[in-house]
$ cat final00.pdb   # PDB, C-alpha atoms
MODEL        1
ATOM      1  CA  MET A  11      13.066 -44.415  28.262
ATOM      2  CA  ALA A  12      13.175 -48.009  29.469
ATOM      3  CA  ASP A  13      12.307 -49.289  25.990
ATOM      4  CA  THR A  14      15.037 -47.104  24.483
ATOM      5  CA  ALA A  15      17.612 -48.336  27.001
ATOM      6  CA  GLU A  16      16.689 -51.978  26.372
ATOM      7  CA  SER A  17      16.896 -51.395  22.624
ATOM      8  CA  THR A  18      20.314 -49.761  22.952
ATOM      9  CA  THR A  19      21.551 -52.637  25.111
ATOM     10  CA  ALA A  20      20.287 -55.211  22.614
ATOM     11  CA  GLU A  21      21.919 -53.368  19.717
ATOM     12  CA  GLY A  22      25.195 -53.205  21.629
ATOM     13  CA  ALA A  23      25.059 -56.932  22.379
ATOM     14  CA  SER A  24      24.363 -57.674  18.722
ATOM     15  CA  ARG A  25      27.383 -55.625  17.655
ATOM     16  CA  THR A  26      29.664 -57.600  19.960
ATOM     17  CA  LYS A  27      28.612 -60.958  18.555
ATOM     18  CA  ALA A  28      31.259 -62.706  16.499
ATOM     19  CA  THR A  29      30.406 -62.938  12.809
ATOM     20  CA  PHE A  30      31.206 -66.033  10.770
ATOM     21  CA  GLY A  31      31.043 -66.615   7.055
ATOM     22  CA  VAL A  32      30.221 -70.325   6.744
ATOM     23  CA  VAL A  33      31.047 -72.363   3.630
ATOM     24  CA  ILE A  34      29.538 -75.831   3.161
ATOM     25  CA  LEU A  35      30.721 -77.738   0.092
ATOM     26  CA  THR A  36      28.544 -80.546  -1.244
ATOM     27  CA  GLN A  37      27.652 -82.568  -4.318
ATOM     28  CA  GLY A  38      24.182 -83.237  -2.956
ATOM     29  CA  THR A  39      24.852 -86.947  -2.381
ATOM     30  CA  ARG A  40      24.347 -86.889   1.414
ATOM     31  CA  PRO A  41      21.017 -85.141   1.929
ATOM     32  CA  GLU A  42      20.343 -86.429   5.460
ATOM     33  CA  ASP A  43      23.843 -85.636   6.677
ATOM     34  CA  LEU A  44      23.626 -82.219   5.042
ATOM     35  CA  GLN A  45      20.381 -81.385   6.846
ATOM     36  CA  ARG A  46      21.946 -82.475  10.141
ATOM     37  CA  GLY A  47      24.784 -80.031   9.525
ATOM     38  CA  PHE A  48      22.288 -77.278   8.707
ATOM     39  CA  ARG A  49      20.426 -77.843  11.960
ATOM     40  CA  SER A  50      23.636 -77.724  13.971
ATOM     41  CA  LEU A  51      24.491 -74.350  12.433
ATOM     42  CA  GLN A  52      21.020 -72.972  13.062
ATOM     43  CA  ALA A  53      21.383 -73.969  16.722
ATOM     44  CA  GLN A  54      24.585 -71.966  17.261
ATOM     45  CA  ARG A  55      24.255 -69.318  19.970
ATOM     46  CA  GLY A  56      26.045 -66.025  20.533
ATOM     47  CA  VAL A  57      27.226 -65.609  16.927
ATOM     48  CA  GLU A  58      25.902 -64.236  13.653
ATOM     49  CA  LEU A  59      26.253 -66.478  10.598
ATOM     50  CA  ASP A  60      26.281 -65.837   6.881
ATOM     51  CA  VAL A  61      26.010 -69.281   5.263
ATOM     52  CA  VAL A  62      26.558 -70.360   1.673
ATOM     53  CA  VAL A  63      26.055 -73.891   0.386
ATOM     54  CA  VAL A  64      28.364 -74.504  -2.566
ATOM     55  CA  GLY A  65      27.029 -77.111  -4.971
ATOM     56  CA  ASN A  66      30.093 -78.699  -6.585
ATOM     57  CA  GLY A  67      28.478 -79.743  -9.855
ATOM     58  CA  TRP A  68      25.061 -79.717  -8.115
ATOM     59  CA  ARG A  69      22.387 -77.043  -7.777
ATOM     60  CA  PRO A  70      21.711 -76.697  -4.021
ATOM     61  CA  GLU A  71      18.109 -77.214  -2.931
ATOM     62  CA  GLY A  72      16.188 -77.685   0.296
ATOM     63  CA  LEU A  73      18.161 -74.997   2.110
ATOM     64  CA  PRO A  74      16.962 -73.338   5.333
ATOM     65  CA  ASP A  75      15.726 -69.767   5.175
ATOM     66  CA  GLY A  76      18.630 -67.361   5.027
ATOM     67  CA  PHE A  77      21.136 -69.877   3.654
ATOM     68  CA  LYS A  78      22.523 -68.908   0.249
ATOM     69  CA  ALA A  79      23.188 -71.241  -2.665
ATOM     70  CA  LEU A  80      26.156 -71.136  -5.025
ATOM     71  CA  HIS A  81      25.916 -73.465  -8.009
ATOM     72  CA  LEU A  82      29.186 -74.529  -9.635
ATOM     73  CA  GLU A  83      28.355 -76.069 -12.987
ATOM     74  CA  GLU A  84      31.179 -78.590 -12.723
ATOM     75  CA  ASN A  85      32.943 -80.296  -9.848
ATOM     76  CA  LEU A  86      36.058 -78.192  -9.194
ATOM     77  CA  GLY A  87      37.427 -80.454  -6.482
ATOM     78  CA  ILE A  88      37.355 -79.834  -2.756
ATOM     79  CA  PRO A  89      39.895 -77.010  -2.266
ATOM     80  CA  ALA A  90      38.759 -74.962  -5.267
ATOM     81  CA  GLY A  91      35.116 -75.494  -4.308
ATOM     82  CA  ARG A  92      35.738 -74.142  -0.820
ATOM     83  CA  ASN A  93      37.592 -71.149  -2.219
ATOM     84  CA  ALA A  94      34.651 -70.365  -4.493
ATOM     85  CA  GLY A  95      32.339 -70.015  -1.517
ATOM     86  CA  VAL A  96      34.384 -67.471   0.439
ATOM     87  CA  PRO A  97      33.519 -64.352  -1.603
ATOM     88  CA  ALA A  98      29.806 -65.173  -1.166
ATOM     89  CA  VAL A  99      29.860 -64.715   2.634
ATOM     90  CA  SER A 100      30.826 -61.975   5.047
ATOM     91  CA  GLY A 101      32.190 -62.178   8.573
ATOM     92  CA  GLU A 102      35.231 -61.515  10.725
ATOM     93  CA  PHE A 103      35.861 -65.272  10.813
ATOM     94  CA  LEU A 104      35.370 -68.128   8.353
ATOM     95  CA  PHE A 105      34.116 -71.623   9.056
ATOM     96  CA  PHE A 106      34.358 -74.548   6.621
ATOM     97  CA  LEU A 107      32.064 -77.514   7.310
ATOM     98  CA  ASP A 108      31.957 -80.781   5.361
ATOM     99  CA  ASP A 109      28.527 -81.876   4.167
ATOM    100  CA  ASP A 110      28.619 -84.958   6.425
ATOM    101  CA  ALA A 111      29.933 -83.121   9.509
ATOM    102  CA  TRP A 112      28.011 -81.323  12.265
ATOM    103  CA  LEU A 113      28.448 -79.402  15.511
ATOM    104  CA  PRO A 114      27.179 -81.251  18.605
ATOM    105  CA  GLU A 115      27.479 -78.193  20.898
ATOM    106  CA  GLU A 116      25.474 -75.004  20.444
ATOM    107  CA  ASP A 117      28.352 -72.791  21.620
ATOM    108  CA  PHE A 118      30.990 -74.257  19.295
ATOM    109  CA  LEU A 119      31.453 -71.206  17.073
ATOM    110  CA  ALA A 120      31.221 -68.794  20.003
ATOM    111  CA  SER A 121      34.000 -70.801  21.672
ATOM    112  CA  CYS A 122      36.123 -70.577  18.516
ATOM    113  CA  ALA A 123      35.660 -66.803  18.437
ATOM    114  CA  ARG A 124      36.613 -66.539  22.102
ATOM    115  CA  LEU A 125      39.761 -68.597  21.470
ATOM    116  CA  PHE A 126      40.751 -66.322  18.578
ATOM    117  CA  ARG A 127      40.248 -63.209  20.686
ATOM    118  CA  GLU A 128      42.088 -64.555  23.726
ATOM    119  CA  HIS A 129      45.009 -65.745  21.562
ATOM    120  CA  PRO A 130      45.517 -63.220  18.755
ATOM    121  CA  ASP A 131      48.382 -65.256  17.265
ATOM    122  CA  ILE A 132      46.118 -68.222  16.443
ATOM    123  CA  GLY A 133      45.056 -68.030  12.811
ATOM    124  CA  MET A 134      43.227 -71.348  12.290
ATOM    125  CA  ILE A 135      41.548 -73.900  14.551
ATOM    126  CA  GLN A 136      40.821 -77.583  14.057
ATOM    127  CA  PRO A 137      38.605 -79.100  16.767
ATOM    128  CA  ARG A 138      38.578 -82.662  18.065
ATOM    129  CA  ILE A 139      36.643 -84.824  15.600
ATOM    130  CA  GLU A 140      34.431 -87.600  16.936
ATOM    131  CA  ASP A 141      31.882 -90.084  15.631
ATOM    132  CA  PRO A 142      29.303 -90.822  18.363
ATOM    133  CA  ALA A 143      28.494 -94.114  16.615
ATOM    134  CA  ASP A 144      32.142 -95.218  16.718
ATOM    135  CA  PRO A 145      34.028 -94.201  19.870
ATOM    136  CA  ASP A 146      37.381 -95.323  18.429
ATOM    137  CA  ALA A 147      38.141 -92.251  16.344
ATOM    138  CA  PRO A 148      40.943 -92.720  13.776
ATOM    139  CA  GLN A 149      44.351 -91.544  14.932
ATOM    140  CA  ARG A 150      44.686 -89.620  11.661
ATOM    141  CA  TRP A 151      42.100 -87.165  12.987
ATOM    142  CA  ILE A 152      44.698 -85.962  15.496
ATOM    143  CA  PRO A 153      47.077 -83.955  13.281
ATOM    144  CA  ARG A 154      50.247 -84.597  15.314
ATOM    145  CA  LEU A 155      53.194 -86.957  14.885
ATOM    146  CA  ARG A 156      52.927 -87.899  18.560
ATOM    147  CA  LYS A 157      49.195 -88.390  18.725
ATOM    148  CA  GLY A 158      48.663 -88.536  22.484
ATOM    149  CA  ASP A 159      45.227 -87.885  23.958
ATOM    150  CA  ASN A 160      42.765 -86.395  21.466
ATOM    151  CA  HIS A 161      41.557 -84.015  24.189
ATOM    152  CA  ASP A 162      44.988 -82.363  24.448
ATOM    153  CA  SER A 163      45.452 -79.086  22.568
ATOM    154  CA  SER A 164      48.629 -78.063  20.743
ATOM    155  CA  ASN A 165      50.237 -76.313  17.811
ATOM    156  CA  VAL A 166      49.808 -78.375  14.638
ATOM    157  CA  PHE A 167      51.167 -78.259  11.114
ATOM    158  CA  SER A 168      48.305 -79.935   9.293
ATOM    159  CA  VAL A 169      44.545 -80.166   9.707
ATOM    160  CA  VAL A 170      41.775 -82.538   8.755
ATOM    161  CA  GLU A 171      39.381 -80.329   6.870
ATOM    162  CA  MET A 172      35.993 -81.531   8.155
ATOM    163  CA  ALA A 173      35.372 -78.518  10.401
ATOM    164  CA  ILE A 174      37.835 -75.612  10.262
ATOM    165  CA  ALA A 175      37.540 -72.117  11.752
ATOM    166  CA  MET A 176      39.899 -69.298  10.870
ATOM    167  CA  ARG A 177      40.365 -65.573  10.772
ATOM    168  CA  ARG A 178      39.196 -64.179   7.474
ATOM    169  CA  ASP A 179      42.188 -61.855   7.123
ATOM    170  CA  VAL A 180      44.502 -64.851   7.566
ATOM    171  CA  PHE A 181      42.627 -66.733   4.851
ATOM    172  CA  GLU A 182      43.180 -63.817   2.490
ATOM    173  CA  LYS A 183      46.895 -63.698   3.310
ATOM    174  CA  THR A 184      47.346 -67.423   2.645
ATOM    175  CA  GLY A 185      45.829 -67.156  -0.831
ATOM    176  CA  GLY A 186      43.215 -69.760   0.079
ATOM    177  CA  TRP A 187      43.108 -73.534  -0.205
ATOM    178  CA  PRO A 188      45.502 -75.017  -2.828
ATOM    179  CA  SER A 189      42.997 -75.283  -5.651
ATOM    180  CA  SER A 190      45.069 -77.602  -7.842
ATOM    181  CA  PHE A 191      45.084 -80.405  -5.259
ATOM    182  CA  TRP A 192      41.504 -81.571  -5.922
ATOM    183  CA  TYR A 193      41.619 -83.856  -2.884
ATOM    184  CA  ALA A 194      44.227 -84.985  -0.294
ATOM    185  CA  HIS A 195      46.824 -83.047   1.704
ATOM    186  CA  GLU A 196      45.271 -79.636   1.156
ATOM    187  CA  GLY A 197      45.040 -79.410   4.932
ATOM    188  CA  ILE A 198      48.821 -79.688   5.234
ATOM    189  CA  GLU A 199      49.602 -76.913   2.777
ATOM    190  CA  PHE A 200      46.884 -74.694   4.226
ATOM    191  CA  ALA A 201      48.263 -75.110   7.756
ATOM    192  CA  TRP A 202      51.787 -74.342   6.523
ATOM    193  CA  ARG A 203      50.495 -71.221   4.772
ATOM    194  CA  VAL A 204      48.858 -70.050   7.998
ATOM    195  CA  TRP A 205      52.231 -70.384   9.729
ATOM    196  CA  ASP A 206      53.775 -68.460   6.830
ATOM    197  CA  THR A 207      51.523 -65.470   7.595
ATOM    198  CA  GLY A 208      53.015 -65.243  11.100
ATOM    199  CA  PHE A 209      50.050 -66.918  12.818
ATOM    200  CA  ARG A 210      49.747 -70.405  14.336
ATOM    201  CA  THR A 211      47.531 -73.360  13.464
ATOM    202  CA  TRP A 212      45.927 -74.782  16.601
ATOM    203  CA  TYR A 213      44.354 -78.128  17.450
ATOM    204  CA  ALA A 214      41.655 -77.399  20.048
ATOM    205  CA  GLY A 215      41.081 -80.668  21.867
ATOM    206  CA  GLY A 216      38.431 -79.076  24.075
ATOM    207  CA  LEU A 217      36.181 -78.257  21.107
ATOM    208  CA  ARG A 218      34.257 -80.974  19.313
ATOM    209  CA  ALA A 219      32.799 -81.587  15.859
ATOM    210  CA  GLY A 220      31.047 -84.707  14.625
ATOM    211  CA  HIS A 221      31.883 -86.747  11.524
ATOM    212  CA  PRO A 222      31.257 -90.391  10.564
ATOM    213  CA  VAL A 223      34.250 -92.696  10.350
ATOM    214  CA  ILE A 224      34.982 -93.393   6.682
ATOM    215  CA  ASP A 225      38.070 -95.201   5.384
ATOM    216  CA  PRO A 226      39.368 -93.255   2.351
ATOM    217  CA  ARG A 227      41.839 -96.029   1.512
ATOM    218  CA  ARG A 228      39.129 -98.102  -0.126
ATOM    219  CA  HIS A 229      39.762 -96.317  -3.461
ATOM    220  CA  GLU A 230      42.861 -96.483  -5.701
ATOM    221  CA  GLU A 231      42.327 -92.778  -6.366
ATOM    222  CA  PHE A 232      43.206 -92.118  -2.731
ATOM    223  CA  PHE A 233      46.693 -93.564  -3.177
ATOM    224  CA  ARG A 234      47.304 -91.785  -6.492
ATOM    225  CA  LEU A 235      46.301 -88.343  -5.250
ATOM    226  CA  ASN A 236      47.976 -88.944  -1.900
ATOM    227  CA  ALA A 237      51.329 -89.472  -3.618
ATOM    228  CA  ARG A 238      50.942 -86.778  -6.271
ATOM    229  CA  ASN A 239      49.992 -84.165  -3.712
ATOM    230  CA  ARG A 240      52.867 -85.124  -1.389
ATOM    231  CA  VAL A 241      55.245 -84.254  -4.210
ATOM    232  CA  TRP A 242      53.289 -81.130  -5.114
ATOM    233  CA  LEU A 243      53.306 -80.030  -1.484
ATOM    234  CA  ALA A 244      57.102 -80.119  -1.486
ATOM    235  CA  ARG A 245      57.491 -78.503  -4.912
ATOM    236  CA  ARG A 246      55.062 -75.696  -4.091
ATOM    237  CA  ASN A 247      56.301 -74.849  -0.602
ATOM    238  CA  LEU A 248      59.785 -76.092   0.264
ATOM    239  CA  HIS A 249      63.256 -75.001  -0.743
ATOM    240  CA  TRP A 250      65.974 -77.539  -1.408
ATOM    241  CA  PRO A 251      67.048 -79.613   0.569
ATOM    242  CA  PHE A 252      63.749 -79.723   2.506
ATOM    243  CA  SER A 253      61.777 -80.492  -0.666
ATOM    244  CA  TRP A 254      63.806 -83.623  -1.442
ATOM    245  CA  ALA A 255      63.973 -84.666   2.208
ATOM    246  CA  TYR A 256      60.199 -84.362   2.583
ATOM    247  CA  VAL A 257      59.382 -86.442  -0.502
ATOM    248  CA  GLY A 258      62.081 -88.976   0.342
ATOM    249  CA  SER A 259      60.910 -89.496   3.918
ATOM    250  CA  TRP A 260      57.295 -89.990   2.886
ATOM    251  CA  THR A 261      58.308 -92.400   0.146
ATOM    252  CA  LEU A 262      60.011 -94.536   2.782
ATOM    253  CA  VAL A 263      56.945 -94.242   5.038
ATOM    254  CA  GLN A 264      54.661 -95.448   2.240
ATOM    255  CA  LEU A 265      56.938 -98.371   1.398
ATOM    256  CA  ALA A 266      56.831 -99.435   5.039
ATOM    257  CA  ARG A 267      53.052 -99.019   5.239
ATOM    258  CA  SER A 268      52.475-101.080   2.102
ATOM    259  CA  ARG A 269      54.451-104.152   3.095
ATOM    260  CA  ARG A 270      51.231-106.039   3.853
ATOM    261  CA  HIS A 271      49.323-104.497   0.932
ATOM    262  CA  PRO A 272      51.809-104.189  -1.956
ATOM    263  CA  GLN A 273      48.966-103.640  -4.428
ATOM    264  CA  GLN A 274      48.688-100.124  -3.014
ATOM    265  CA  LEU A 275      52.077 -99.195  -4.424
ATOM    266  CA  LYS A 276      51.079 -99.268  -8.105
ATOM    267  CA  PRO A 277      48.606 -96.353  -7.907
ATOM    268  CA  TRP A 278      50.820 -94.643  -5.324
ATOM    269  CA  PHE A 279      53.880 -94.589  -7.579
ATOM    270  CA  ALA A 280      51.724 -93.538 -10.537
ATOM    271  CA  GLY A 281      50.736 -90.498  -8.509
ATOM    272  CA  TRP A 282      54.352 -89.982  -7.364
ATOM    273  CA  ARG A 283      55.466 -89.782 -11.011
ATOM    274  CA  SER A 284      52.638 -87.377 -11.846
ATOM    275  CA  GLY A 285      53.767 -85.159  -8.996
ATOM    276  CA  TRP A 286      57.107 -84.587 -10.700
ATOM    277  CA  THR A 287      55.849 -84.299 -14.288
ATOM    278  CA  GLN A 288      52.689 -82.191 -13.850
ATOM    279  CA  ASP A 289      52.448 -78.499 -12.965
ATOM    280  CA  PRO A 290      51.511 -78.220  -9.263
ATOM    281  CA  TRP A 291      50.068 -74.712  -9.571
ATOM    282  CA  ALA A 292      46.624 -73.830 -10.868
ATOM    283  CA  PRO A 293      46.333 -70.921 -13.313
ATOM    284  CA  GLY A 294      46.600 -67.626 -11.472
ATOM    285  CA  GLU A 295      48.013 -69.089  -8.248
ATOM    286  CA  ALA A 296      50.934 -67.244  -6.662
ATOM    287  CA  ARG A 297      54.118 -69.293  -7.024
ATOM    288  CA  ARG A 298      55.773 -68.669  -3.693
ATOM    289  CA  LYS A 299      57.520 -70.965  -1.261
ATOM    290  CA  LEU A 300      57.503 -70.792   2.528
ATOM    291  CA  LYS A 301      59.844 -68.208   3.967
ATOM    292  CA  TRP A 302      62.980 -69.566   5.603
ATOM    293  CA  SER A 303      61.893 -67.814   8.793
ATOM    294  CA  THR A 304      58.636 -69.807   8.688
ATOM    295  CA  ILE A 305      60.499 -73.097   8.430
ATOM    296  CA  VAL A 306      62.570 -72.117  11.473
ATOM    297  CA  ARG A 307      59.394 -71.094  13.389
ATOM    298  CA  MET A 308      57.728 -74.391  12.532
ATOM    299  CA  GLY A 309      60.781 -76.340  13.645
ATOM    300  CA  ALA A 310      61.026 -74.395  16.888
ATOM    301  CA  ALA A 311      57.298 -74.971  17.500
ATOM    302  CA  GLY A 312      57.612 -78.721  17.144
ATOM    303  CA  ARG A 313      57.858 -79.941  13.553
ATOM    304  CA  TRP A 314      60.374 -79.354  10.823
ATOM    305  CA  PRO A 315      58.796 -79.867   7.367
ATOM    306  CA  VAL A 316      60.825 -82.979   6.625
ATOM    307  CA  VAL A 317      58.402 -85.709   7.676
TER     308      VAL A 317
ENDMDL
END
$ encode --input "final00.pdb" --output "structure tokens"
Amino acid sequence: MADTAESTTAEGASRTKATFGVVILTQGTRPEDLQRGFRSLQAQRGVELDVVVVGNGWRPEGLPDGFKALHLEENLGIPAGRNAGVPAVSGEFLFFLDDDAWLPEEDFLASCARLFREHPDIGMIQPRIEDPADPDAPQRWIPRLRKGDNHDSSNVFSVVEMAIAMRRDVFEKTGGWPSSFWYAHEGIEFAWRVWDTGFRTWYAGGLRAGHPVIDPRRHEEFFRLNARNRVWLARRNLHWPFSWAYVGSWTLVQLARSRRHPQQLKPWFAGWRSGWTQDPWAPGEARRKLKWSTIVRMGAAGRWPVV
């Protein structure tokens, strides 16, 4: 009888564990970082994980036992690559981890699940991002206009995508990451889409993920895609006059930022022009803008989608 009771208790505990479908996107160019991320997932306690490693133009190899591989024959870009991994995993929640990111704490995912269950209106969580080798984390990793202390939690309207947890049903309602973006600003649209489902996007300053400090501005491609996707973000999501106001305000911001580095403006304005002339939607994507009620909710919660 004792063995039966212990078995029943263990089965009950297993059923109460939060389940996460984990998607890691990689091109196989950071093997040591990737293995560090694997180890941090294997160390997670109190949760059950279903992990897929999506090879974006690379056939995944060297995976831990139980991790699945999904080979994409060509590089689809970051948002589309993440989307491709979701159908390959099961779980009440989803977790997206960059191939050079990791989880320093063994209870990270259990803490995310607890936060979701204690606050049923939170749809997506971005943790505090830190680089142990560089204590001065970039301010851009705090997705707020008024940055403040990176340990403070709050509603947010964008995320950095290095380590993101969310409810799976919310992911399905959003339609997924904006696959046409390729790179840059997908975290803004995705956060807006979470708000559009009636949920909130939350910055959890008490939770921590690791990521090395890398300056993306070293490439001209950064400035081109940054500008193109700013315009696409407005065209895809905002009604007039918010669409024009959003693009206009960020154009002024970029002009101010580039006063000391005017060479940045050539690729930036090339991308800006592409944003108006190219189709911002990928084939098959739903062409819907944010509801007016969502824009009001976002404004009431702290940020109108104008800047």
$ resolve_selection --input "final00.pdb" --expression "the PyMOL selection byres ((chain A and resi 194) around 10)" --output "VMD selection string"
chain A and resid 88 to 89 170 to 171 191 to 193 195 to 198 226 232 to 240
$ write_last_selection --input "final00.pdb" --atoms "C-alpha atoms" --output "PDB file, keeping the file's coordinate frame"
ATOM      1  CA  ILE A  88      37.355 -79.834  -2.756  1.00  0.00           C
ATOM      2  CA  PRO A  89      39.895 -77.010  -2.266  1.00  0.00           C
ATOM      3  CA  VAL A 170      41.775 -82.538   8.755  1.00  0.00           C
ATOM      4  CA  GLU A 171      39.381 -80.329   6.870  1.00  0.00           C
ATOM      5  CA  PHE A 191      45.084 -80.405  -5.259  1.00  0.00           C
ATOM      6  CA  TRP A 192      41.504 -81.571  -5.922  1.00  0.00           C
ATOM      7  CA  TYR A 193      41.619 -83.856  -2.884  1.00  0.00           C
ATOM      8  CA  HIS A 195      46.824 -83.047   1.704  1.00  0.00           C
ATOM      9  CA  GLU A 196      45.271 -79.636   1.156  1.00  0.00           C
ATOM     10  CA  GLY A 197      45.040 -79.410   4.932  1.00  0.00           C
ATOM     11  CA  ILE A 198      48.821 -79.688   5.234  1.00  0.00           C
ATOM     12  CA  PRO A 226      39.368 -93.255   2.351  1.00  0.00           C
ATOM     13  CA  PHE A 232      43.206 -92.118  -2.731  1.00  0.00           C
ATOM     14  CA  PHE A 233      46.693 -93.564  -3.177  1.00  0.00           C
ATOM     15  CA  ARG A 234      47.304 -91.785  -6.492  1.00  0.00           C
ATOM     16  CA  LEU A 235      46.301 -88.343  -5.250  1.00  0.00           C
ATOM     17  CA  ASN A 236      47.976 -88.944  -1.900  1.00  0.00           C
ATOM     18  CA  ALA A 237      51.329 -89.472  -3.618  1.00  0.00           C
ATOM     19  CA  ARG A 238      50.942 -86.778  -6.271  1.00  0.00           C
ATOM     20  CA  ASN A 239      49.992 -84.165  -3.712  1.00  0.00           C
ATOM     21  CA  ARG A 240      52.867 -85.124  -1.389  1.00  0.00           C
TER      22      ARG A 240
END
$ atom_distance --input "final00.pdb" --atom1 "CA of Thr26 in chain A" --atom2 "CA of Asp109 in chain A"
29.0 Å
$ residues_around --input "final00.pdb" --residues "Arg156 in chain A" --least-positions-apart "4" --cutoff "12 Å" --atoms "all atoms listed in the file" --output "PyMOL selection string"
chain A and resi 149-150+152+160+162+164-166+312-313
$ residues_around --input "final00.pdb" --residues "Trp202 in chain A" --least-positions-apart "5" --cutoff "8 Å" --atoms "all atoms listed in the file" --output "PDB file with C-alpha atoms, keeping the file's coordinate frame"
ATOM      1  CA  PHE A 167      51.167 -78.259  11.114  1.00  0.00           C
ATOM      2  CA  SER A 168      48.305 -79.935   9.293  1.00  0.00           C
ATOM      3  CA  LEU A 300      57.503 -70.792   2.528  1.00  0.00           C
TER       4      LEU A 300
END
$ resolve_selection --input "final00.pdb" --expression "the PyMOL selection byres ((chain A and resi 82) around 7)" --output "VMD selection string"
chain A and resid 65 to 68 80 to 81 83 to 85
$ residues_around --input "final00.pdb" --residues "Asp146 in chain A" --least-positions-apart "5" --cutoff "10 Å" --atoms "all atoms listed in the file" --output "ChimeraX atom specification"
/A:140-141,223
$ write_last_selection --input "final00.pdb" --atoms "C-alpha atoms" --output "CSV table (one decimal), in the coordinates of the input"
chain,number,residue,atom,x,y,z
A,140,GLU,CA,34.4,-87.6,16.9
A,141,ASP,CA,31.9,-90.1,15.6
A,223,VAL,CA,34.2,-92.7,10.4
$ closest_residue --input "final00.pdb" --among "A:Cys122, A:Arg69, A:Gly91, A:Asp75" --to "Gly56 in chain A" --atoms "all atoms listed in the file"
A:Cys122
$ resolve_selection --input "final00.pdb" --expression "the PyMOL selection byres ((chain A and resi 50) around 8)" --output "MDAnalysis selection string"
chainID A and resid 46:49 51:54 112:116
$ atom_distance --input "final00.pdb" --atom1 "CA of Tyr256 in chain A" --atom2 "CA of Ala244 in chain A"
6.6 Å
$ decode --input "final00.pdb" --residues "range 88-100 of chain A" --atoms "N, CA, C and O atoms" --output "PDB file, in the first residue's frame"
ATOM      1  N   ILE A  88      14.960  35.361 -38.320  1.00  0.00           N
ATOM      2  CA  ILE A  88      14.730  35.025 -36.918  1.00  0.00           C
ATOM      3  C   ILE A  88      13.253  34.803 -36.594  1.00  0.00           C
ATOM      4  O   ILE A  88      12.888  33.758 -36.035  1.00  0.00           O
ATOM      5  N   PRO A  89      12.345  35.731 -36.918  1.00  0.00           N
ATOM      6  CA  PRO A  89      10.948  35.492 -36.533  1.00  0.00           C
ATOM      7  C   PRO A  89      10.341  34.251 -37.175  1.00  0.00           C
ATOM      8  O   PRO A  89       9.685  33.449 -36.499  1.00  0.00           O
ATOM      9  N   ALA A  90      10.557  34.078 -38.479  1.00  0.00           N
ATOM     10  CA  ALA A  90       9.985  32.919 -39.168  1.00  0.00           C
ATOM     11  C   ALA A  90      10.605  31.625 -38.656  1.00  0.00           C
ATOM     12  O   ALA A  90       9.931  30.590 -38.559  1.00  0.00           O
ATOM     13  N   GLY A  91      11.897  31.661 -38.320  1.00  0.00           N
ATOM     14  CA  GLY A  91      12.544  30.470 -37.777  1.00  0.00           C
ATOM     15  C   GLY A  91      11.952  30.066 -36.442  1.00  0.00           C
ATOM     16  O   GLY A  91      11.734  28.882 -36.167  1.00  0.00           O
ATOM     17  N   ARG A  92      11.682  31.051 -35.579  1.00  0.00           N
ATOM     18  CA  ARG A  92      11.051  30.737 -34.301  1.00  0.00           C
ATOM     19  C   ARG A  92       9.657  30.148 -34.516  1.00  0.00           C
ATOM     20  O   ARG A  92       9.268  29.183 -33.855  1.00  0.00           O
ATOM     21  N   ASN A  93       8.903  30.768 -35.408  1.00  0.00           N
ATOM     22  CA  ASN A  93       7.553  30.258 -35.676  1.00  0.00           C
ATOM     23  C   ASN A  93       7.575  28.805 -36.132  1.00  0.00           C
ATOM     24  O   ASN A  93       6.705  28.010 -35.757  1.00  0.00           O
ATOM     25  N   ALA A  94       8.588  28.455 -36.931  1.00  0.00           N
ATOM     26  CA  ALA A  94       8.665  27.092 -37.458  1.00  0.00           C
ATOM     27  C   ALA A  94       8.848  26.064 -36.353  1.00  0.00           C
ATOM     28  O   ALA A  94       8.435  24.905 -36.493  1.00  0.00           O
ATOM     29  N   GLY A  95       9.458  26.470 -35.251  1.00  0.00           N
ATOM     30  CA  GLY A  95       9.710  25.516 -34.180  1.00  0.00           C
ATOM     31  C   GLY A  95       8.516  25.233 -33.301  1.00  0.00           C
ATOM     32  O   GLY A  95       8.451  24.179 -32.649  1.00  0.00           O
ATOM     33  N   VAL A  96       7.535  26.129 -33.253  1.00  0.00           N
ATOM     34  CA  VAL A  96       6.431  25.984 -32.306  1.00  0.00           C
ATOM     35  C   VAL A  96       5.605  24.723 -32.522  1.00  0.00           C
ATOM     36  O   VAL A  96       5.281  24.011 -31.553  1.00  0.00           O
ATOM     37  N   PRO A  97       5.233  24.373 -33.766  1.00  0.00           N
ATOM     38  CA  PRO A  97       4.433  23.157 -33.939  1.00  0.00           C
ATOM     39  C   PRO A  97       5.166  21.873 -33.545  1.00  0.00           C
ATOM     40  O   PRO A  97       4.525  20.836 -33.350  1.00  0.00           O
ATOM     41  N   ALA A  98       6.481  21.940 -33.394  1.00  0.00           N
ATOM     42  CA  ALA A  98       7.271  20.739 -33.078  1.00  0.00           C
ATOM     43  C   ALA A  98       7.305  20.435 -31.592  1.00  0.00           C
ATOM     44  O   ALA A  98       7.841  19.393 -31.193  1.00  0.00           O
ATOM     45  N   VAL A  99       6.775  21.334 -30.740  1.00  0.00           N
ATOM     46  CA  VAL A  99       6.832  21.120 -29.295  1.00  0.00           C
ATOM     47  C   VAL A  99       5.446  21.250 -28.681  1.00  0.00           C
ATOM     48  O   VAL A  99       4.565  21.924 -29.223  1.00  0.00           O
ATOM     49  N   SER A 100       5.276  20.600 -27.550  1.00  0.00           N
ATOM     50  CA  SER A 100       4.024  20.685 -26.808  1.00  0.00           C
ATOM     51  C   SER A 100       4.283  21.366 -25.471  1.00  0.00           C
ATOM     52  O   SER A 100       5.421  21.454 -25.014  1.00  0.00           O
TER      53      SER A 100
END
